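Pasting upload-v1.pdb here (PDB, C-alpha atoms):
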ATOM      1  CA  MET A   1      -4.326  -5.729  21.952  1.00  0.00           C
ATOM      2  CA  GLN A   2      -7.267  -6.834  19.786  1.00  0.00           C
ATOM      3  CA  TYR A   3      -7.557  -5.510  16.229  1.00  0.00           C
ATOM      4  CA  ASN A   4     -10.603  -5.620  13.962  1.00  0.00           C
ATOM      5  CA  THR A   5      -8.838  -5.358  10.603  1.00  0.00           C
ATOM      6  CA  LEU A   6      -5.423  -6.917  11.264  1.00  0.00           C
ATOM      7  CA  LEU A   7      -3.893 -10.157  12.496  1.00  0.00           C
ATOM      8  CA  ILE A   8      -0.630  -9.659  14.383  1.00  0.00           C
ATOM      9  CA  GLU A   9       2.032 -12.286  14.988  1.00  0.00           C
ATOM     10  CA  ASN A  10       5.340 -11.481  16.673  1.00  0.00           C
ATOM     11  CA  ARG A  11       8.064 -13.961  15.719  1.00  0.00           C
ATOM     12  CA  ASN A  12      10.855 -11.814  17.079  1.00  0.00           C
ATOM     13  CA  PRO A  13      12.816 -10.366  15.273  1.00  0.00           C
ATOM     14  CA  ILE A  14      10.038 -10.489  12.616  1.00  0.00           C
ATOM     15  CA  LEU A  15       6.587  -8.973  13.093  1.00  0.00           C
ATOM     16  CA  TYR A  16       3.829 -10.191  10.763  1.00  0.00           C
ATOM     17  CA  ILE A  17       0.950  -7.823   9.998  1.00  0.00           C
ATOM     18  CA  THR A  18      -1.847  -9.528   8.055  1.00  0.00           C
ATOM     19  CA  MET A  19      -4.594  -7.362   6.597  1.00  0.00           C
ATOM     20  CA  ASN A  20      -7.721  -9.237   7.628  1.00  0.00           C
ATOM     21  CA  ARG A  21     -10.733  -7.914   5.756  1.00  0.00           C
ATOM     22  CA  PRO A  22     -11.270 -10.875   3.371  1.00  0.00           C
ATOM     23  CA  GLN A  23     -14.947 -10.013   2.911  1.00  0.00           C
ATOM     24  CA  SER A  24     -13.840  -6.825   1.111  1.00  0.00           C
ATOM     25  CA  GLN A  25     -10.631  -8.268  -0.350  1.00  0.00           C
ATOM     26  CA  ASN A  26      -8.580  -6.434   2.298  1.00  0.00           C
ATOM     27  CA  SER A  27      -9.655  -3.020   1.072  1.00  0.00           C
ATOM     28  CA  ILE A  28      -8.515   0.056   2.980  1.00  0.00           C
ATOM     29  CA  ASN A  29     -10.714   1.993   5.359  1.00  0.00           C
ATOM     30  CA  ALA A  30      -9.842   4.465   8.110  1.00  0.00           C
ATOM     31  CA  GLU A  31      -9.958   1.777  10.783  1.00  0.00           C
ATOM     32  CA  LEU A  32      -7.351  -0.330   8.985  1.00  0.00           C
ATOM     33  CA  LEU A  33      -5.044   2.672   8.574  1.00  0.00           C
ATOM     34  CA  LEU A  34      -5.383   3.667  12.221  1.00  0.00           C
ATOM     35  CA  GLU A  35      -4.748   0.105  13.407  1.00  0.00           C
ATOM     36  CA  LEU A  36      -1.767  -0.265  11.081  1.00  0.00           C
ATOM     37  CA  ASN A  37      -0.203   2.902  12.454  1.00  0.00           C
ATOM     38  CA  SER A  38      -0.869   1.699  16.000  1.00  0.00           C
ATOM     39  CA  VAL A  39       1.038  -1.526  15.278  1.00  0.00           C
ATOM     40  CA  LEU A  40       3.874   0.459  13.696  1.00  0.00           C
ATOM     41  CA  ASP A  41       4.065   2.534  16.898  1.00  0.00           C
ATOM     42  CA  ILE A  42       4.512  -0.655  18.931  1.00  0.00           C
ATOM     43  CA  ALA A  43       7.062  -2.060  16.466  1.00  0.00           C
ATOM     44  CA  GLU A  44       9.093   1.138  16.493  1.00  0.00           C
ATOM     45  CA  ASN A  45       9.371   0.942  20.288  1.00  0.00           C
ATOM     46  CA  ASP A  46      10.323  -2.749  20.296  1.00  0.00           C
ATOM     47  CA  LYS A  47      14.098  -2.821  19.955  1.00  0.00           C
ATOM     48  CA  GLY A  48      14.045  -6.563  19.333  1.00  0.00           C
ATOM     49  CA  LEU A  49      12.203  -6.194  16.022  1.00  0.00           C
ATOM     50  CA  LYS A  50      14.138  -5.709  12.802  1.00  0.00           C
ATOM     51  CA  VAL A  51      11.673  -6.727  10.082  1.00  0.00           C
ATOM     52  CA  ILE A  52       7.958  -6.030   9.587  1.00  0.00           C
ATOM     53  CA  VAL A  53       6.112  -8.189   7.054  1.00  0.00           C
ATOM     54  CA  ILE A  54       2.830  -6.898   5.619  1.00  0.00           C
ATOM     55  CA  ARG A  55       0.623  -9.434   3.867  1.00  0.00           C
ATOM     56  CA  GLY A  56      -3.012 -10.101   2.988  1.00  0.00           C
ATOM     57  CA  GLN A  57      -5.656 -12.659   3.887  1.00  0.00           C
ATOM     58  CA  GLY A  58      -7.920 -14.772   1.707  1.00  0.00           C
ATOM     59  CA  GLY A  59      -6.018 -14.759  -1.587  1.00  0.00           C
ATOM     60  CA  TYR A  60      -5.697 -10.977  -1.867  1.00  0.00           C
ATOM     61  CA  PHE A  61      -3.034  -8.549  -0.722  1.00  0.00           C
ATOM     62  CA  CYS A  62      -5.155  -5.408  -0.917  1.00  0.00           C
ATOM     63  CA  ARG A  63      -7.583  -4.022  -3.491  1.00  0.00           C
ATOM     64  CA  GLY A  64      -7.208  -0.360  -2.468  1.00  0.00           C
ATOM     65  CA  MET A  65      -9.753   1.995  -0.947  1.00  0.00           C
ATOM     66  CA  ASP A  66     -13.005   0.483   0.289  1.00  0.00           C
ATOM     67  CA  PHE A  67     -15.711   1.881  -2.028  1.00  0.00           C
ATOM     68  CA  GLU A  68     -18.228   1.456   0.779  1.00  0.00           C
ATOM     69  CA  LEU A  69     -16.709   4.682   2.165  1.00  0.00           C
ATOM     70  CA  ILE A  70     -18.433   6.510  -0.675  1.00  0.00           C
ATOM     71  CA  SER A  71     -21.789   4.753  -0.413  1.00  0.00           C
ATOM     72  CA  ASN A  72     -22.161   5.160   3.358  1.00  0.00           C
ATOM     73  CA  GLY A  73     -20.558   8.603   3.530  1.00  0.00           C
ATOM     74  CA  GLU A  74     -17.839   7.474   5.947  1.00  0.00           C
ATOM     75  CA  GLY A  75     -14.665   9.478   5.493  1.00  0.00           C
ATOM     76  CA  MET A  76     -15.283  10.641   1.936  1.00  0.00           C
ATOM     77  CA  GLY A  77     -16.951  13.494   0.173  1.00  0.00           C
ATOM     78  CA  ASP A  78     -16.852  17.230   0.634  1.00  0.00           C
ATOM     79  CA  THR A  79     -16.061  17.007   4.364  1.00  0.00           C
ATOM     80  CA  ASP A  80     -13.223  17.223   6.864  1.00  0.00           C
ATOM     81  CA  GLU A  81     -13.431  13.427   7.208  1.00  0.00           C
ATOM     82  CA  GLY A  82     -12.608  12.940   3.534  1.00  0.00           C
ATOM     83  CA  ASP A  83      -9.583  15.177   3.821  1.00  0.00           C
ATOM     84  CA  MET A  84      -8.539  13.279   6.950  1.00  0.00           C
ATOM     85  CA  PHE A  85      -8.789   9.898   5.179  1.00  0.00           C
ATOM     86  CA  THR A  86      -6.615  10.912   2.227  1.00  0.00           C
ATOM     87  CA  ARG A  87      -4.037  12.521   4.517  1.00  0.00           C
ATOM     88  CA  LEU A  88      -4.038   9.439   6.766  1.00  0.00           C
ATOM     89  CA  TYR A  89      -3.312   7.163   3.796  1.00  0.00           C
ATOM     90  CA  SER A  90      -0.550   9.516   2.615  1.00  0.00           C
ATOM     91  CA  GLN A  91       0.946   9.649   6.103  1.00  0.00           C
ATOM     92  CA  THR A  92       0.862   5.847   6.301  1.00  0.00           C
ATOM     93  CA  LEU A  93       2.933   5.521   3.118  1.00  0.00           C
ATOM     94  CA  HIS A  94       5.298   8.155   4.542  1.00  0.00           C
ATOM     95  CA  ARG A  95       5.562   6.143   7.762  1.00  0.00           C
ATOM     96  CA  ILE A  96       6.239   2.856   5.949  1.00  0.00           C
ATOM     97  CA  SER A  97       8.985   4.485   3.898  1.00  0.00           C
ATOM     98  CA  LEU A  98      10.830   5.975   6.904  1.00  0.00           C
ATOM     99  CA  ILE A  99      10.225   3.774   9.960  1.00  0.00           C
ATOM    100  CA  PRO A 100      13.585   2.366  11.195  1.00  0.00           C
ATOM    101  CA  ARG A 101      12.556  -1.219  10.500  1.00  0.00           C
ATOM    102  CA  VAL A 102      12.755  -3.159   7.245  1.00  0.00           C
ATOM    103  CA  ILE A 103       9.243  -3.291   5.764  1.00  0.00           C
ATOM    104  CA  ILE A 104       8.610  -6.247   3.466  1.00  0.00           C
ATOM    105  CA  SER A 105       5.370  -6.651   1.535  1.00  0.00           C
ATOM    106  CA  LEU A 106       4.745 -10.367   1.040  1.00  0.00           C
ATOM    107  CA  ILE A 107       2.271 -10.663  -1.797  1.00  0.00           C
ATOM    108  CA  GLU A 108       0.139 -13.603  -2.854  1.00  0.00           C
ATOM    109  CA  GLY A 109      -2.743 -12.741  -5.161  1.00  0.00           C
ATOM    110  CA  GLN A 110      -4.204  -9.475  -6.391  1.00  0.00           C
ATOM    111  CA  VAL A 111      -2.941  -6.004  -5.547  1.00  0.00           C
ATOM    112  CA  MET A 112      -4.898  -2.959  -6.711  1.00  0.00           C
ATOM    113  CA  ALA A 113      -4.774   0.824  -6.399  1.00  0.00           C
ATOM    114  CA  GLY A 114      -3.893   1.827  -2.822  1.00  0.00           C
ATOM    115  CA  GLY A 115      -2.546  -1.664  -2.195  1.00  0.00           C
ATOM    116  CA  VAL A 116       0.081  -0.981  -4.865  1.00  0.00           C
ATOM    117  CA  GLY A 117       1.033   2.090  -2.823  1.00  0.00           C
ATOM    118  CA  ILE A 118       1.702  -0.009   0.285  1.00  0.00           C
ATOM    119  CA  ALA A 119       3.869  -2.366  -1.746  1.00  0.00           C
ATOM    120  CA  ALA A 120       5.719   0.427  -3.542  1.00  0.00           C
ATOM    121  CA  ALA A 121       6.475   2.273  -0.278  1.00  0.00           C
ATOM    122  CA  SER A 122       7.884  -0.914   1.271  1.00  0.00           C
ATOM    123  CA  ASP A 123      11.617  -1.547   1.384  1.00  0.00           C
ATOM    124  CA  LEU A 124      11.315  -4.940  -0.294  1.00  0.00           C
ATOM    125  CA  VAL A 125       8.548  -6.829  -2.091  1.00  0.00           C
ATOM    126  CA  ILE A 126       8.359 -10.616  -2.275  1.00  0.00           C
ATOM    127  CA  ALA A 127       5.637 -12.001  -4.535  1.00  0.00           C
ATOM    128  CA  THR A 128       4.417 -15.391  -5.696  1.00  0.00           C
ATOM    129  CA  PRO A 129       4.041 -16.089  -9.441  1.00  0.00           C
ATOM    130  CA  ASN A 130       0.229 -15.871  -9.222  1.00  0.00           C
ATOM    131  CA  SER A 131       0.331 -12.273  -7.977  1.00  0.00           C
ATOM    132  CA  GLU A 132      -1.012  -9.419 -10.087  1.00  0.00           C
ATOM    133  CA  PHE A 133      -0.724  -5.647  -9.792  1.00  0.00           C
ATOM    134  CA  SER A 134      -3.005  -2.953 -11.215  1.00  0.00           C
ATOM    135  CA  LEU A 135      -3.875   0.724 -10.910  1.00  0.00           C
ATOM    136  CA  SER A 136      -7.608   0.981 -11.615  1.00  0.00           C
ATOM    137  CA  GLU A 137      -8.168   4.584 -10.493  1.00  0.00           C
ATOM    138  CA  ALA A 138      -8.526   6.136 -13.966  1.00  0.00           C
ATOM    139  CA  LEU A 139     -11.526   3.907 -14.688  1.00  0.00           C
ATOM    140  CA  TRP A 140     -13.439   5.813 -12.015  1.00  0.00           C
ATOM    141  CA  GLY A 141     -12.171   9.283 -12.888  1.00  0.00           C
ATOM    142  CA  LEU A 142      -9.481   9.194 -10.198  1.00  0.00           C
ATOM    143  CA  LEU A 143      -5.670   9.227 -10.174  1.00  0.00           C
ATOM    144  CA  PRO A 144      -3.224   7.266  -7.990  1.00  0.00           C
ATOM    145  CA  ALA A 145      -1.783  10.593  -6.844  1.00  0.00           C
ATOM    146  CA  MET A 146      -0.443   9.422  -3.484  1.00  0.00           C
ATOM    147  CA  VAL A 147       0.849   6.135  -4.902  1.00  0.00           C
ATOM    148  CA  SER A 148       2.689   7.662  -7.860  1.00  0.00           C
ATOM    149  CA  PRO A 149       5.780   9.135  -6.135  1.00  0.00           C
ATOM    150  CA  TYR A 150       6.610   5.773  -4.550  1.00  0.00           C
ATOM    151  CA  LEU A 151       5.777   3.807  -7.684  1.00  0.00           C
ATOM    152  CA  ILE A 152       7.918   6.068  -9.885  1.00  0.00           C
ATOM    153  CA  ARG A 153      10.776   5.642  -7.416  1.00  0.00           C
ATOM    154  CA  ARG A 154      10.538   1.888  -7.942  1.00  0.00           C
ATOM    155  CA  VAL A 155       9.753   1.410 -11.631  1.00  0.00           C
ATOM    156  CA  GLY A 156      10.498   4.741 -13.365  1.00  0.00           C
ATOM    157  CA  PHE A 157       8.257   7.384 -14.880  1.00  0.00           C
ATOM    158  CA  GLN A 158       7.078   5.697 -18.078  1.00  0.00           C
ATOM    159  CA  LYS A 159       6.134   2.345 -16.529  1.00  0.00           C
ATOM    160  CA  ALA A 160       4.221   4.087 -13.739  1.00  0.00           C
ATOM    161  CA  TYR A 161       2.549   6.361 -16.307  1.00  0.00           C
ATOM    162  CA  ALA A 162       1.583   3.387 -18.498  1.00  0.00           C
ATOM    163  CA  MET A 163       0.157   1.456 -15.529  1.00  0.00           C
ATOM    164  CA  THR A 164      -1.935   4.516 -14.621  1.00  0.00           C
ATOM    165  CA  LEU A 165      -3.099   5.252 -18.164  1.00  0.00           C
ATOM    166  CA  THR A 166      -3.921   1.727 -19.354  1.00  0.00           C
ATOM    167  CA  THR A 167      -5.161   0.369 -15.988  1.00  0.00           C
ATOM    168  CA  MET A 168      -3.993  -3.014 -17.330  1.00  0.00           C
ATOM    169  CA  PRO A 169      -3.055  -5.705 -14.771  1.00  0.00           C
ATOM    170  CA  VAL A 170       0.671  -6.434 -14.518  1.00  0.00           C
ATOM    171  CA  PRO A 171       1.472 -10.129 -13.884  1.00  0.00           C
ATOM    172  CA  ALA A 172       4.084 -11.040 -11.288  1.00  0.00           C
ATOM    173  CA  GLU A 173       6.859 -11.888 -13.757  1.00  0.00           C
ATOM    174  CA  LYS A 174       6.537  -8.530 -15.519  1.00  0.00           C
ATOM    175  CA  ALA A 175       6.321  -6.748 -12.150  1.00  0.00           C
ATOM    176  CA  TYR A 176       9.616  -8.421 -11.237  1.00  0.00           C
ATOM    177  CA  GLU A 177      11.226  -7.330 -14.506  1.00  0.00           C
ATOM    178  CA  MET A 178      10.169  -3.705 -13.910  1.00  0.00           C
ATOM    179  CA  HIS A 179      11.393  -3.796 -10.257  1.00  0.00           C
ATOM    180  CA  LEU A 180       8.001  -3.465  -8.620  1.00  0.00           C
ATOM    181  CA  VAL A 181       8.816  -6.894  -7.144  1.00  0.00           C
ATOM    182  CA  ASP A 182      12.264  -7.586  -5.666  1.00  0.00           C
ATOM    183  CA  GLU A 183      11.972 -11.344  -5.225  1.00  0.00           C
ATOM    184  CA  LEU A 184       9.688 -13.686  -7.161  1.00  0.00           C
ATOM    185  CA  SER A 185       9.288 -16.961  -5.295  1.00  0.00           C
ATOM    186  CA  GLU A 186       7.144 -20.092  -5.192  1.00  0.00           C
ATOM    187  CA  ASN A 187       8.067 -20.314  -1.512  1.00  0.00           C
ATOM    188  CA  PRO A 188       7.961 -16.747  -0.156  1.00  0.00           C
ATOM    189  CA  GLU A 189       8.449 -17.814   3.473  1.00  0.00           C
ATOM    190  CA  MET A 190      11.750 -19.498   2.620  1.00  0.00           C
ATOM    191  CA  THR A 191      12.842 -16.440   0.623  1.00  0.00           C
ATOM    192  CA  LEU A 192      11.879 -14.261   3.572  1.00  0.00           C
ATOM    193  CA  ARG A 193      13.921 -16.355   6.020  1.00  0.00           C
ATOM    194  CA  LYS A 194      17.019 -16.110   3.834  1.00  0.00           C
ATOM    195  CA  LEU A 195      16.637 -12.352   3.551  1.00  0.00           C
ATOM    196  CA  CYS A 196      16.124 -11.946   7.282  1.00  0.00           C
ATOM    197  CA  GLN A 197      19.301 -13.860   8.101  1.00  0.00           C
ATOM    198  CA  ARG A 198      21.149 -10.963   6.498  1.00  0.00           C
ATOM    199  CA  LEU A 199      18.832  -8.130   7.489  1.00  0.00           C
ATOM    200  CA  ASN A 200      19.046  -9.059  11.174  1.00  0.00           C
ATOM    201  CA  ARG A 201      22.714  -8.052  11.111  1.00  0.00           C
ATOM    202  CA  VAL A 202      21.876  -4.449  10.184  1.00  0.00           C
ATOM    203  CA  GLU A 203      21.356  -2.131  13.142  1.00  0.00           C
ATOM    204  CA  SER A 204      18.034  -0.273  13.391  1.00  0.00           C
ATOM    205  CA  GLU A 205      19.878   3.053  13.542  1.00  0.00           C
ATOM    206  CA  THR A 206      21.566   2.207  10.244  1.00  0.00           C
ATOM    207  CA  ILE A 207      18.192   1.378   8.685  1.00  0.00           C
ATOM    208  CA  LYS A 208      16.894   4.758   9.876  1.00  0.00           C
ATOM    209  CA  ASP A 209      19.901   6.589   8.417  1.00  0.00           C
ATOM    210  CA  LEU A 210      19.665   4.648   5.152  1.00  0.00           C
ATOM    211  CA  LYS A 211      15.991   5.447   4.633  1.00  0.00           C
ATOM    212  CA  SER A 212      16.460   9.100   5.494  1.00  0.00           C
ATOM    213  CA  PHE A 213      19.473   9.458   3.188  1.00  0.00           C
ATOM    214  CA  PHE A 214      17.857   7.792   0.182  1.00  0.00           C
ATOM    215  CA  ARG A 215      14.713   9.885   0.639  1.00  0.00           C
ATOM    216  CA  LYS A 216      16.839  13.027   0.301  1.00  0.00           C
ATOM    217  CA  MET A 217      18.158  11.692  -3.002  1.00  0.00           C
ATOM    218  CA  TRP A 218      14.640  11.354  -4.454  1.00  0.00           C
ATOM    219  CA  ILE A 219      11.798  13.719  -5.327  1.00  0.00           C
ATOM    220  CA  ILE A 220       9.433  12.761  -2.500  1.00  0.00           C
ATOM    221  CA  SER A 221       8.982  15.599  -0.030  1.00  0.00           C
ATOM    222  CA  GLU A 222       6.396  16.544   2.586  1.00  0.00           C
ATOM    223  CA  GLU A 223       5.137  19.263   0.231  1.00  0.00           C
ATOM    224  CA  MET A 224       4.620  16.686  -2.548  1.00  0.00           C
ATOM    225  CA  GLU A 225       2.822  14.311  -0.179  1.00  0.00           C
ATOM    226  CA  LEU A 226       0.426  17.064   0.945  1.00  0.00           C
ATOM    227  CA  GLU A 227      -0.239  18.059  -2.662  1.00  0.00           C
ATOM    228  CA  ALA A 228      -0.891  14.427  -3.645  1.00  0.00           C
ATOM    229  CA  ALA A 229      -3.345  13.971  -0.758  1.00  0.00           C
ATOM    230  CA  ALA A 230      -5.137  17.208  -1.682  1.00  0.00           C
ATOM    231  CA  GLU A 231      -5.440  16.098  -5.318  1.00  0.00           C
ATOM    232  CA  SER A 232      -6.869  12.737  -4.295  1.00  0.00           C
ATOM    233  CA  PHE A 233      -9.450  14.413  -2.069  1.00  0.00           C
ATOM    234  CA  ARG A 234     -10.363  16.860  -4.869  1.00  0.00           C
ATOM    235  CA  LEU A 235     -11.036  14.005  -7.271  1.00  0.00           C
ATOM    236  CA  PHE A 236     -12.991  11.961  -4.728  1.00  0.00           C
ATOM    237  CA  SER A 237     -15.179  15.021  -4.133  1.00  0.00           C
ATOM    238  CA  LYS A 238     -16.229  15.320  -7.803  1.00  0.00           C
ATOM    239  CA  GLN A 239     -19.865  14.375  -8.276  1.00  0.00           C
ATOM    240  CA  GLN A 240     -19.173  12.272 -11.384  1.00  0.00           C
ATOM    241  CA  VAL A 241     -16.586  10.199  -9.543  1.00  0.00           C
ATOM    242  CA  ARG A 242     -18.944   9.690  -6.606  1.00  0.00           C
ATOM    243  CA  ASP A 243     -21.767   8.702  -8.985  1.00  0.00           C
ATOM    244  CA  ASN A 244     -19.464   6.211 -10.741  1.00  0.00           C
ATOM    245  CA  ILE A 245     -18.538   4.534  -7.469  1.00  0.00           C
ATOM    246  CA  MET A 246     -22.063   4.616  -6.029  1.00  0.00           C
ATOM    247  CA  ASN A 247     -23.437   3.017  -9.199  1.00  0.00           C
ATOM    248  CA  PHE A 248     -20.891   0.214  -8.869  1.00  0.00           C
ATOM    249  CA  VAL A 249     -21.485  -0.379  -5.152  1.00  0.00           C
ATOM    250  CA  ILE A 250     -25.284  -0.360  -5.464  1.00  0.00           C
ATOM    251  CA  ASN A 251     -25.936  -1.669  -8.996  1.00  0.00           C
ATOM    252  CA  LYS A 252     -22.628  -3.466  -9.762  1.00  0.00           C
ATOM    253  CA  LYS A 253     -22.289  -1.403 -12.948  1.00  0.00           C
ATOM    254  CA  PHE A 254     -18.980   0.020 -14.167  1.00  0.00           C
ATOM    255  CA  PRO A 255     -18.788   3.637 -15.403  1.00  0.00           C
ATOM    256  CA  TRP A 256     -18.711   2.493 -19.026  1.00  0.00           C
ATOM    257  CA  ASP A 257     -21.904   0.425 -18.656  1.00  0.00           C
ATOM    258  CA  LYS A 258     -24.577   2.775 -19.978  1.00  0.00           C
TER     259      LYS A 258
END
Structure translated into structure tokens:
Amino acid sequence: MQYNTLLIENRNPILYITMNRPQSQNSINAELLLELNSVLDIAENDKGLKVIVIRGQGGYFCRGMDFELISNGEGMGDTDEGDMFTRLYSQTLHRISLIPRVIISLIEGQVMAGGVGIAAASDLVIATPNSEFSLSEALWGLLPAMVSPYLIRRVGFQKAYAMTLTTMPVPAEKAYEMHLVDELSENPEMTLRKLCQRLNRVESETIKDLKSFFRKMWIISEEMELEAAAESFRLFSKQQVRDNIMNFVINKKFPWDK
């Protein structure tokens, strides 16, 4: 099957999913989310696959939501489409966190906003030393509402709160120290191979049980996910937020540039 936003490579028992929107730094639109879920459907039905690797193209992992969605009206605003987009992103994180395959985010370069959510929802994160993580939502009048439950699960409340409040980039070494990154490696492919030698011995049914059990031990619930998606949509629908993003897309001016 041909995909517009992804590159797919099956090296059984590992499936590589490469986000392939380098012109927009692998930002997230509805098409990418729909294609990603389509690939996850295929992977879930392929009993030979044990590990799914998500990575980026062109020196970026993912910069978060594509702001062009605001400027062209696609999937955002006071419409059913906007609600659908936020719910689709939330459901994708839910899917990543529960699919009975080991999801590994392999990160080289910059990760922002919604991209941090994909990494945080993954089972394991391998990053190179030049990687950098940031939550920029507050600069635009937004909150990383759907990202936060998964990020807090990884790094704890205060570190997630500080990342959200300060919007400061977190370098790879610090991300490793705060457990946002599981393995820091100059050679991520070699690190991945070593991990997979062990992971391949774990049955898919055990992975499913493990994910389900650990979810029950944490605060993430379907009710919380729906509330987080609704809050994100509410904020995206605010006129000031939309003006901030439109001004950046059209005039390349940040909200604080008067």
### Task
Using atom CA of A:Leu34 and atom CA of A:Thr18 as the two end points, give the distance in Å to one decimal.
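Interatomic distance here is 14.3 Å.
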## Note on the structure
Of A:Val155, A:Ile219, A:Leu184, A:Val202, the one nearest to A:Pro129 when counting all atoms listed in the file is A:Leu184
### Spatial neighbours of A:Lys174, 12 Å, all atoms listed in the file, chain gap at least 2 places, as a PyMOL selection string
chain A and resi 127+129-134+155+159+163+169-172+176-184
### Contact residues around A:Ser232 with only C-alpha atoms at 9 Å, ignoring same-chain residues under 4 positions, as a PyMOL selection string
chain A and resi 83+86+142-146+227-228+236-237
### Query
Which neighbours of A:Gln2 fall inside 12 Å, counting all atoms listed in the file, when residues of the same chain fewer than 2 positions from it are skipped, and could you give them as a VMD selection string?
chain A and resid 4 to 9 35 38 to 39
### Message
What does the structure give for the distance between atom CA of A:Tyr161 and atom CA of A:Gly117, in Å to one decimal?
### Response
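We find that atom CA of A:Tyr161 and atom CA of A:Gly117 lie 14.2 Å from each other.
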### Query
On this structure, which residues satisfy the PyMOL selection byres ((chain A and resi 112) around 6), written as a VMD selection string?
chain A and resid 63 to 64 111 113 115 to 116 133 to 135
#### Entry: Distance criterion (all atoms listed in the file): nearest to A:Asp123 out of A:Met65, A:Ala138, A:Ile42, A:Leu210
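Result for the nearest residue to A:Asp123: A:Leu210.
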### Query
Could you spell out the hits of the PyMOL selection byres ((chain A and resi 93) around 10) on the shown file, as a PyMOL selection string?
chain A and resi 87-92+94-98+114+117-122+146-147+150+225
Store the residues of this selection in a file with C-alpha atoms, as a short mmCIF file (atom, residue, chain, number, x, y, z; two decimals), in the frame of the given file.
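The resulting file, selection-v2.cif, is reproduced below:
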data_model
loop_
_atom_site.label_atom_id
_atom_site.label_comp_id
_atom_site.auth_asym_id
_atom_site.auth_seq_id
_atom_site.Cartn_x
_atom_site.Cartn_y
_atom_site.Cartn_z
CA ARG A 87 -4.04 12.52 4.52
CA LEU A 88 -4.04 9.44 6.77
CA TYR A 89 -3.31 7.16 3.80
CA SER A 90 -0.55 9.52 2.62
CA GLN A 91 0.95 9.65 6.10
CA THR A 92 0.86 5.85 6.30
CA HIS A 94 5.30 8.15 4.54
CA ARG A 95 5.56 6.14 7.76
CA ILE A 96 6.24 2.86 5.95
CA SER A 97 8.98 4.49 3.90
CA LEU A 98 10.83 5.98 6.90
CA GLY A 114 -3.89 1.83 -2.82
CA GLY A 117 1.03 2.09 -2.82
CA ILE A 118 1.70 -0.01 0.28
CA ALA A 119 3.87 -2.37 -1.75
CA ALA A 120 5.72 0.43 -3.54
CA ALA A 121 6.48 2.27 -0.28
CA SER A 122 7.88 -0.91 1.27
CA MET A 146 -0.44 9.42 -3.48
CA VAL A 147 0.85 6.14 -4.90
CA TYR A 150 6.61 5.77 -4.55
CA GLU A 225 2.82 14.31 -0.18
#
### Task
Would you mind reading off the distance between atom CA of A:Met217 and atom CA of A:Gly156, one decimal, in Å?
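Computed distance, atom CA of A:Met217 to atom CA of A:Gly156, equals 14.6 Å.
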### Task
Name the residues that the PyMOL selection byres ((chain A and resi 187) around 10) picks from the file above, as a list in words, using the file's chain letters and numbers.
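When the PyMOL selection byres ((chain A and resi 187) around 10) is applied, the selected residues are Ile126, Ala127, Thr128, Pro129, Leu184, Ser185, Glu186, Pro188, Glu189, Met190, Thr191 and Leu192 of chain A.
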Would you compute the box with edges along x, y and z of the file around stretch 58-69 of chain A, including every atom the file lists for it and 4 Å extra on each side, and give its centre and edge lengths in Å to one decimal, as JSON?
{"center_x": -10.6, "center_y": -5.0, "center_z": -0.7, "size_x": 23.2, "size_y": 27.5, "size_z": 13.7}
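With only C-alpha atoms as the atoms that count, the minimum distance from A:Thr167 to the choices A:Gln25, A:Arg193, A:Tyr16, A:Ser136 is reached by A:Ser136.
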